[in-house]
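> For reference, the structure I am asking about is given below.
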Amino acid sequence: MAYRNETEMYPDVTAWLARVLGSRFPRCEVDVRDTHASSLNEYIKRNGLQRHFRSDIWQTYEIRVDITAFMVHRDRPELVFVECKVIPISLLHVSQLLGYSRVAYPLMSYLISTEGIGNAVAVLISRYDRIDILQYFWEKGKQPRSVILGKWNEQLKEVDVSSILPPGASLV
């Protein structure tokens, strides 16, 4: 059954993200939530999730992320974002998640669509090597953190790893 809207994707994507993060970070506390209905700062406050942050910076997170994972990784609190689409991923969608990621610096940030990556985005990244449009955090001595794009496989209820951009990126 095809998803009629993004909201219908959320339970499957939430379960997938919990599996992926739990597998990749087995010693971490991982709490994946559907956060789309309110701004992230309001969600954090309403649900008492302040302990997932080292400071009160979370109060500035006036962003609406579809799915957020709250995790403690190597004694550091971390976030993981997922934005879901039922239309091809466009530059507008990339810009939206890039903005959210620039605000909160999540450990990982995914933009997934049941329809895959739109032509303009795919060409810009693959042909013109513009992976810089996906980068949101630069730590000295490390690879920049980038938004990861991918096609959601509705039957398998997971991201199709062969669809992932930028080239060479992995799900975790």
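Chain labels A, B, ... are given in the sequence in which chains occur in the structure tokens; within each chain residues are numbered consecutively from 1, and ligands are likewise numbered from 1 in the order shown.
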Can you list, as a PyMOL selection string, every residue of segment 8-122 of chain A that DSSP puts in strand (DSSP E or B)?
chain A and resi 29-34+67-73+76-85+89+108-113+117
> Using only C-alpha atoms, which residues of segment 150-172 of chain A come within 10 Å of segment 17-24 of chain A, and what is the closest atom pair for each, with the distance in Å to one decimal? Give it as a tab-separated table, sorted by chain and residue number.

residue	atom	partner	partner_atom	distance
A:Glu158	CA	A:Leu17	CA	8.7
A:Val159	CA	A:Leu17	CA	9.8
A:Leu171	CA	A:Val20	CA	8.0
A:Val172	CA	A:Arg24	CA	6.8
> Would you mind reading off the distance between atom CA of Gln59 of chain A and atom CA of Leu91 of chain A, one decimal, in Å?
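Interatomic distance, atom CA of Gln59 of chain A to atom CA of Leu91 of chain A: 27.7 Å.
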> Given only C-alpha atoms as the basis, pick out the residue of A:Met1, A:Leu98, A:Ile148, A:Val13 nearest to Asp66 of chain A.
A:Val13
> For Val72 of chain A, work out the shell of residues within 7 Å, counting only C-alpha atoms and skipping chain neighbours fewer than 4 positions away, then give it as a PyMOL selection string.
chain A and resi 28-30+76-78
> Produce a file of the selected residues containing C-alpha atoms, as a PDB file, in the first residue's frame.

ATOM      1  CA  CYS A  28      23.894   4.096  23.244  1.00  0.00           C
ATOM      2  CA  GLU A  29      20.573   5.102  24.617  1.00  0.00           C
ATOM      3  CA  VAL A  30      18.421   5.712  21.528  1.00  0.00           C
ATOM      4  CA  ARG A  76      27.701  12.994  24.413  1.00  0.00           C
ATOM      5  CA  PRO A  77      24.093  13.840  23.704  1.00  0.00           C
ATOM      6  CA  GLU A  78      23.345  13.731  19.970  1.00  0.00           C
TER       7      GLU A  78
END
> Leaving out Asp34 of chain A and any residue of its chain fewer than 5 positions from it, which residues lie within 9 Å of it when counting only C-alpha atoms, given as a PyMOL selection string?
chain A and resi 10-11+14+65-69
> Mind listing the alpha helix (DSSP H) residues of chain A, per DSSP on the backbone, as a ChimeraX atom specification?
/A:6-24,40-46,91-104,119-126
> Could you please take those selected residues and save C-alpha atoms as a short mmCIF file (atom, residue, chain, number, x, y, z; two decimals), in the first residue's frame?

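Contents of result.cif, freshly written:
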data_model
loop_
_atom_site.label_atom_id
_atom_site.label_comp_id
_atom_site.auth_asym_id
_atom_site.auth_seq_id
_atom_site.Cartn_x
_atom_site.Cartn_y
_atom_site.Cartn_z
CA GLU A 6 4.27 11.98 4.77
CA THR A 7 2.51 11.36 8.07
CA GLU A 8 1.73 7.79 7.04
CA MET A 9 5.46 7.18 6.62
CA TYR A 10 6.39 8.21 10.15
CA PRO A 11 5.73 4.95 12.05
CA ASP A 12 7.73 2.88 9.52
CA VAL A 13 10.56 5.40 9.31
CA THR A 14 10.70 5.73 13.10
CA ALA A 15 11.01 1.94 13.47
CA TRP A 16 13.67 1.80 10.75
CA LEU A 17 15.74 4.59 12.33
CA ALA A 18 15.55 2.94 15.76
CA ARG A 19 16.82 -0.34 14.22
CA VAL A 20 19.64 1.36 12.29
CA LEU A 21 20.85 3.46 15.22
CA GLY A 22 20.48 0.59 17.71
CA SER A 23 22.56 -1.64 15.44
CA ARG A 24 25.23 0.98 14.75
CA LEU A 40 11.49 20.90 18.34
CA ASN A 41 12.10 23.23 21.30
CA GLU A 42 8.44 22.94 22.35
CA TYR A 43 8.55 19.16 21.94
CA ILE A 44 11.69 18.92 24.09
CA LYS A 45 10.17 21.09 26.82
CA ARG A 46 6.76 19.33 26.81
CA LEU A 91 16.34 21.70 -3.78
CA LEU A 92 13.64 23.29 -1.63
CA HIS A 93 13.51 20.13 0.52
CA VAL A 94 17.31 20.02 0.75
CA SER A 95 17.35 23.67 1.82
CA GLN A 96 14.74 23.03 4.52
CA LEU A 97 16.67 20.19 6.15
CA LEU A 98 19.99 21.92 5.63
CA GLY A 99 18.64 24.89 7.58
CA TYR A 100 17.41 22.65 10.41
CA SER A 101 20.78 20.89 10.48
CA ARG A 102 22.70 24.17 10.57
CA VAL A 103 20.67 25.19 13.62
CA ALA A 104 21.05 22.00 15.68
CA ASN A 119 16.51 15.28 -11.33
CA ALA A 120 17.86 18.76 -10.52
CA VAL A 121 19.29 17.61 -7.20
CA ALA A 122 20.73 14.40 -8.66
CA VAL A 123 22.38 16.23 -11.57
CA LEU A 124 23.75 19.00 -9.35
CA ILE A 125 25.38 16.47 -7.03
CA SER A 126 26.39 13.70 -9.46
#
